[in-house]
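*Asks:* Structure supplied as coords01.pdb; contents: PDB, C-alpha atoms, pLDDT in the B column.
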ATOM      1  CA  GLN A   1      -0.212  -6.897  -2.306  1.00 80.00           C
ATOM      2  CA  VAL A   2      -0.294  -4.856  -5.481  1.00 91.00           C
ATOM      3  CA  GLN A   3       2.305  -2.481  -6.872  1.00 95.00           C
ATOM      4  CA  LEU A   4       0.999   1.041  -7.450  1.00 97.00           C
ATOM      5  CA  VAL A   5       2.374   3.791  -9.694  1.00 97.00           C
ATOM      6  CA  GLU A   6       0.928   7.290  -9.723  1.00 98.00           C
ATOM      7  CA  SER A   7       1.173   9.725 -12.616  1.00 98.00           C
ATOM      8  CA  GLY A   8      -0.394  12.928 -13.902  1.00 98.00           C
ATOM      9  CA  GLY A   9       0.868  15.461 -11.406  1.00 97.00           C
ATOM     10  CA  GLY A  10       2.242  18.831 -12.415  1.00 97.00           C
ATOM     11  CA  LEU A  11       2.229  22.586 -11.988  1.00 98.00           C
ATOM     12  CA  VAL A  12      -1.016  24.379 -12.787  1.00 98.00           C
ATOM     13  CA  GLN A  13      -2.696  27.671 -12.015  1.00 98.00           C
ATOM     14  CA  ALA A  14      -5.573  28.045  -9.611  1.00 98.00           C
ATOM     15  CA  GLY A  15      -8.855  27.062 -11.237  1.00 98.00           C
ATOM     16  CA  ALA A  16      -7.260  24.528 -13.564  1.00 98.00           C
ATOM     17  CA  SER A  17      -7.842  20.787 -13.699  1.00 98.00           C
ATOM     18  CA  LEU A  18      -5.627  17.727 -13.487  1.00 98.00           C
ATOM     19  CA  ARG A  19      -6.277  14.029 -13.735  1.00 98.00           C
ATOM     20  CA  LEU A  20      -4.124  11.698 -11.702  1.00 98.00           C
ATOM     21  CA  SER A  21      -3.777   8.024 -12.520  1.00 98.00           C
ATOM     22  CA  CYS A  22      -2.904   5.117 -10.279  1.00 98.00           C
ATOM     23  CA  ALA A  23      -1.827   2.052 -12.231  1.00 97.00           C
ATOM     24  CA  ALA A  24      -1.747  -1.258 -10.405  1.00 96.00           C
ATOM     25  CA  SER A  25      -0.228  -4.648 -11.006  1.00 92.00           C
ATOM     26  CA  GLY A  26      -2.056  -7.860 -10.249  1.00 80.00           C
ATOM     27  CA  ARG A  27      -4.962  -9.788 -11.698  1.00 78.00           C
ATOM     28  CA  THR A  28      -7.315  -9.267  -8.754  1.00 87.00           C
ATOM     29  CA  PHE A  29      -7.245  -5.476  -8.724  1.00 90.00           C
ATOM     30  CA  SER A  30     -11.014  -5.300  -9.116  1.00 92.00           C
ATOM     31  CA  THR A  31     -11.355  -6.705  -5.603  1.00 93.00           C
ATOM     32  CA  TYR A  32      -9.277  -3.913  -4.044  1.00 96.00           C
ATOM     33  CA  THR A  33     -10.483  -0.721  -2.451  1.00 97.00           C
ATOM     34  CA  VAL A  34      -8.320   2.202  -3.583  1.00 97.00           C
ATOM     35  CA  GLY A  35      -7.794   5.490  -1.820  1.00 98.00           C
ATOM     36  CA  TRP A  36      -6.060   8.745  -2.664  1.00 98.00           C
ATOM     37  CA  PHE A  37      -4.255  10.681   0.030  1.00 98.00           C
ATOM     38  CA  ARG A  38      -2.126  13.816  -0.061  1.00 98.00           C
ATOM     39  CA  GLN A  39       0.633  15.284   2.029  1.00 98.00           C
ATOM     40  CA  ALA A  40       1.702  18.907   2.019  1.00 97.00           C
ATOM     41  CA  PRO A  41       5.052  20.006   3.483  1.00 93.00           C
ATOM     42  CA  GLY A  42       4.931  20.005   7.263  1.00 95.00           C
ATOM     43  CA  LYS A  43       1.485  18.438   7.384  1.00 97.00           C
ATOM     44  CA  GLU A  44       0.121  14.985   7.978  1.00 97.00           C
ATOM     45  CA  ARG A  45      -1.027  12.797   5.122  1.00 97.00           C
ATOM     46  CA  GLU A  46      -4.749  13.360   4.642  1.00 98.00           C
ATOM     47  CA  PHE A  47      -7.561  11.500   2.943  1.00 98.00           C
ATOM     48  CA  VAL A  48      -8.745  12.761  -0.443  1.00 98.00           C
ATOM     49  CA  ALA A  49     -10.970  10.089  -1.977  1.00 98.00           C
ATOM     50  CA  ALA A  50     -11.685   6.366  -1.989  1.00 98.00           C
ATOM     51  CA  ILE A  51     -13.493   3.902  -4.206  1.00 97.00           C
ATOM     52  CA  ALA A  52     -14.560   0.343  -3.597  1.00 94.00           C
ATOM     53  CA  GLY A  53     -13.635  -2.439  -6.006  1.00 90.00           C
ATOM     54  CA  SER A  54     -16.926  -2.399  -7.881  1.00 87.00           C
ATOM     55  CA  GLY A  55     -16.774   1.366  -8.274  1.00 86.00           C
ATOM     56  CA  ASP A  56     -20.253   1.726  -6.822  1.00 87.00           C
ATOM     57  CA  ASN A  57     -19.192   3.379  -3.578  1.00 93.00           C
ATOM     58  CA  THR A  58     -17.040   6.497  -3.361  1.00 96.00           C
ATOM     59  CA  TYR A  59     -15.998   8.644  -0.431  1.00 97.00           C
ATOM     60  CA  TYR A  60     -14.679  12.217  -0.146  1.00 97.00           C
ATOM     61  CA  PRO A  61     -13.900  14.701   2.591  1.00 97.00           C
ATOM     62  CA  ASP A  62     -15.750  18.004   2.541  1.00 96.00           C
ATOM     63  CA  SER A  63     -12.599  19.827   1.413  1.00 95.00           C
ATOM     64  CA  VAL A  64     -12.717  18.252  -2.066  1.00 97.00           C
ATOM     65  CA  LYS A  65     -16.340  17.156  -2.427  1.00 97.00           C
ATOM     66  CA  GLY A  66     -17.808  18.574  -5.616  1.00 97.00           C
ATOM     67  CA  ARG A  67     -14.370  19.332  -7.091  1.00 98.00           C
ATOM     68  CA  PHE A  68     -12.652  15.922  -7.139  1.00 98.00           C
ATOM     69  CA  THR A  69     -13.997  12.709  -8.642  1.00 98.00           C
ATOM     70  CA  ILE A  70     -12.523   9.253  -8.183  1.00 98.00           C
ATOM     71  CA  SER A  71     -13.218   6.543 -10.727  1.00 97.00           C
ATOM     72  CA  ARG A  72     -11.722   3.264 -11.854  1.00 96.00           C
ATOM     73  CA  ASP A  73     -11.294   1.138 -14.939  1.00 95.00           C
ATOM     74  CA  ASN A  74     -10.723  -2.394 -13.710  1.00 93.00           C
ATOM     75  CA  ALA A  75     -10.012  -3.630 -17.229  1.00 93.00           C
ATOM     76  CA  LYS A  76      -6.990  -1.325 -17.216  1.00 95.00           C
ATOM     77  CA  ASN A  77      -6.117  -1.853 -13.536  1.00 95.00           C
ATOM     78  CA  THR A  78      -6.238   1.910 -13.112  1.00 97.00           C
ATOM     79  CA  VAL A  79      -7.895   4.332 -10.733  1.00 98.00           C
ATOM     80  CA  TYR A  80      -8.259   8.004 -11.617  1.00 98.00           C
ATOM     81  CA  LEU A  81      -8.618  11.182  -9.617  1.00 98.00           C
ATOM     82  CA  GLN A  82     -10.122  14.016 -11.622  1.00 98.00           C
ATOM     83  CA  MET A  83      -9.364  17.295  -9.879  1.00 98.00           C
ATOM     84  CA  ASN A  84     -11.226  20.418 -10.970  1.00 98.00           C
ATOM     85  CA  SER A  85     -11.208  24.002  -9.710  1.00 98.00           C
ATOM     86  CA  LEU A  86      -7.831  23.468  -8.104  1.00 98.00           C
ATOM     87  CA  LYS A  87      -6.767  25.762  -5.296  1.00 97.00           C
ATOM     88  CA  PRO A  88      -3.303  26.596  -3.948  1.00 97.00           C
ATOM     89  CA  GLU A  89      -4.196  24.646  -0.798  1.00 97.00           C
ATOM     90  CA  ASP A  90      -4.477  21.508  -2.941  1.00 98.00           C
ATOM     91  CA  THR A  91      -0.700  21.625  -3.408  1.00 98.00           C
ATOM     92  CA  ALA A  92       0.776  18.381  -2.083  1.00 98.00           C
ATOM     93  CA  VAL A  93       2.258  15.047  -3.000  1.00 98.00           C
ATOM     94  CA  TYR A  94      -0.632  12.768  -3.925  1.00 98.00           C
ATOM     95  CA  TYR A  95      -0.465   9.063  -3.093  1.00 98.00           C
ATOM     96  CA  CYS A  96      -2.703   6.211  -4.043  1.00 98.00           C
ATOM     97  CA  ALA A  97      -3.171   3.271  -1.713  1.00 98.00           C
ATOM     98  CA  ALA A  98      -4.933  -0.068  -1.998  1.00 97.00           C
ATOM     99  CA  GLU A  99      -6.304  -2.787   0.216  1.00 95.00           C
ATOM    100  CA  PRO A 100      -8.082  -6.045  -0.678  1.00 93.00           C
ATOM    101  CA  GLY A 101     -11.782  -6.146  -0.003  1.00 90.00           C
ATOM    102  CA  TYR A 102     -13.966  -3.411   1.404  1.00 90.00           C
ATOM    103  CA  TRP A 103     -15.329  -2.134   4.679  1.00 91.00           C
ATOM    104  CA  THR A 104     -18.883  -1.758   5.916  1.00 90.00           C
ATOM    105  CA  VAL A 105     -17.908   1.142   8.172  1.00 92.00           C
ATOM    106  CA  PRO A 106     -17.307   4.240   5.996  1.00 91.00           C
ATOM    107  CA  VAL A 107     -14.691   5.784   8.286  1.00 93.00           C
ATOM    108  CA  TYR A 108     -12.271   2.963   7.477  1.00 94.00           C
ATOM    109  CA  TYR A 109     -12.028   4.209   3.886  1.00 94.00           C
ATOM    110  CA  THR A 110     -10.608   7.504   5.142  1.00 94.00           C
ATOM    111  CA  GLN A 111      -7.860   6.155   7.390  1.00 96.00           C
ATOM    112  CA  ARG A 112      -4.249   5.726   6.254  1.00 96.00           C
ATOM    113  CA  THR A 113      -3.845   2.675   8.447  1.00 96.00           C
ATOM    114  CA  SER A 114      -6.570   0.840   6.511  1.00 96.00           C
ATOM    115  CA  TYR A 115      -4.301   0.511   3.465  1.00 97.00           C
ATOM    116  CA  ASN A 116      -1.160  -1.606   3.171  1.00 96.00           C
ATOM    117  CA  SER A 117      -0.054  -0.951  -0.418  1.00 96.00           C
ATOM    118  CA  TRP A 118       1.154   2.520  -1.363  1.00 97.00           C
ATOM    119  CA  GLY A 119       2.583   4.196  -4.415  1.00 97.00           C
ATOM    120  CA  GLN A 120       5.533   6.588  -4.459  1.00 97.00           C
ATOM    121  CA  GLY A 121       3.437   9.700  -5.010  1.00 98.00           C
ATOM    122  CA  THR A 122       3.095  12.425  -7.625  1.00 98.00           C
ATOM    123  CA  GLN A 123       3.564  16.126  -6.994  1.00 98.00           C
ATOM    124  CA  VAL A 124       0.714  18.537  -7.605  1.00 98.00           C
ATOM    125  CA  THR A 125       1.481  22.243  -7.361  1.00 98.00           C
ATOM    126  CA  VAL A 126      -1.208  24.874  -7.766  1.00 98.00           C
ATOM    127  CA  SER A 127      -0.059  28.465  -8.156  1.00 97.00           C
ATOM    128  CA  SER A 128      -2.212  31.443  -7.241  1.00 94.00           C
TER     129      SER A 128
END
Please rewrite the model in this file as structure tokens.
*Replies:*
Amino acid sequence: QVQLVESGGGLVQAGASLRLSCAASGRTFSTYTVGWFRQAPGKEREFVAAIAGSGDNTYYPDSVKGRFTISRDNAKNTVYLQMNSLKPEDTAVYYCAAEPGYWTVPVYYTQRTSYNSWGQGTQVTVSS
């Protein structure tokens, strides 16, 4: 397993941008699929974005498609989540998660249970 540390959260106004980072330990990070999830108070943790180890394949739900972009720099063992045009409904604790390898069935990238390594989360608050 890898150790994951998120950073970059904060308080912003609607329409602003933030970039979250997920820094990982381990020399084989480039072989891991990484996902971002978020959890708002009183709600279940939901999928936000995922990227395969090579960076070639990315996945997003409709709620963030076109606004959020996931990317990775394997030389720095870091995955990023660029969030643009933020909305108050994007307010949540954002978590990154990782799992070795990849899946051929896209739905697996979106499921919390597919990932075994999780960070502690970073708070994102978007005011209206």
*Asks:* Residues within 7 Å of Arg38 in chain A, please, as a PyMOL selection string. Count only C-alpha atoms; anything in the same chain fewer than 4 positions from it doesn't count.
*Replies:* chain A and resi 45-48+92-95
*Asks:* If you measure from CA of Asn116 in chain A to CA of Tyr102 in chain A, what distance in Å do you get, rounded to one decimal?
*Replies:*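 Computing the Euclidean distance for CA of Asn116 in chain A and CA of Tyr102 in chain A yields 13.1 Å.
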*Asks:* Interatomic distance between CA of Gln123 in chain A and CA of Tyr60 in chain A?
*Replies:*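 Separation of CA of Gln123 in chain A and CA of Tyr60 in chain A: 19.9 Å.
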*Asks:* Going by the chain IDs and residue numbers used in this file, which residues fall under the PyMOL selection byres ((chain A and resi 120) around 8)? Write them as JSON, numbers by chain.
*Replies:* {"A": [4, 5, 6, 95, 118, 119, 121, 122]}
*Asks:* Taking only C-alpha atoms into account, name the residue in A:Trp103, A:Asp90, A:Gln111, A:Ala97 that is nearest to Val12 in chain A.
*Replies:*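 Among A:Trp103, A:Asp90, A:Gln111, A:Ala97, it is A:Asp90 that comes nearest to Val12 in chain A.
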*Asks:* Find the residue from A:Pro100, A:Met83, A:Val105, A:Tyr32 that sits nearest to Gly10 in chain A; use all atoms listed in the file when measuring.
*Replies:* A:Met83
*Asks:* Just give me the gap between CA of Phe37 in chain A and CA of Lys87 in chain A in Å, one decimal is fine.
*Replies:*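 The value is 16.2 Å.
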*Asks:* For Ser85 in chain A, which residue among A:Lys65, A:Lys43, A:Arg112, A:Arg27 is the nearest when counting all atoms listed in the file?
*Replies:*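 For Ser85 in chain A, the nearest of the given residues is A:Lys65.
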*Asks:* Please identify all polymer residues within 12 Å of Asp56 in chain A, counting all atoms listed in the file, omitting same-chain residues fewer than 4 positions from it, and present them as a PyMOL selection string.
*Replies:* chain A and resi 30+33+50-52+70-72+102
*Asks:* Which is closest to Trp36 in chain A among A:Ala75, A:Gln82, A:Gln1, A:Gly66, if we use only C-alpha atoms?
*Replies:*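 Comparing A:Ala75, A:Gln82, A:Gln1, A:Gly66 against Trp36 in chain A, the winner is A:Gln82.
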*Asks:* Is it possible to get the residues within 10 Å of (0.2, 26.3, -13.4) (coordinates as in the file, counting all atoms listed in the file) written as JSON, numbers by chain?
*Replies:* {"A": [10, 11, 12, 13, 14, 15, 16, 17, 124, 125, 126, 127, 128]}
*Asks:* Would you compute an axis-aligned box for range 108-115 of chain A, covering every atom listed for it in the file with 3 Å of margin on each side, and report centre and edge lengths in Å to one decimal as JSON?
*Replies:*
{"center_x": -8.1, "center_y": 4.0, "center_z": 6.0, "size_x": 14.4, "size_y": 13.0, "size_z": 11.0}
*Asks:* Have a look at A:Ser25, A:Gln39, A:Thr110, A:Thr91 and name the one nearest to Val79 in chain A; count only C-alpha atoms.
*Replies:*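 That would be A:Ser25, the residue with the smallest distance to Val79 in chain A.
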*Asks:* Taking all atoms listed in the file into account, which of A:Cys96, A:Val64, A:Ala40, A:Leu18 comes nearest Val2 in chain A?
*Replies:* A:Cys96
*Asks:* Pick out the residues sitting within 6 Å of Leu20 in chain A, and hand them over as a PyMOL selection string; count all atoms listed in the file, and ignore anything fewer than 4 positions along from it in its own chain.
*Replies:* chain A and resi 7-8+80-81
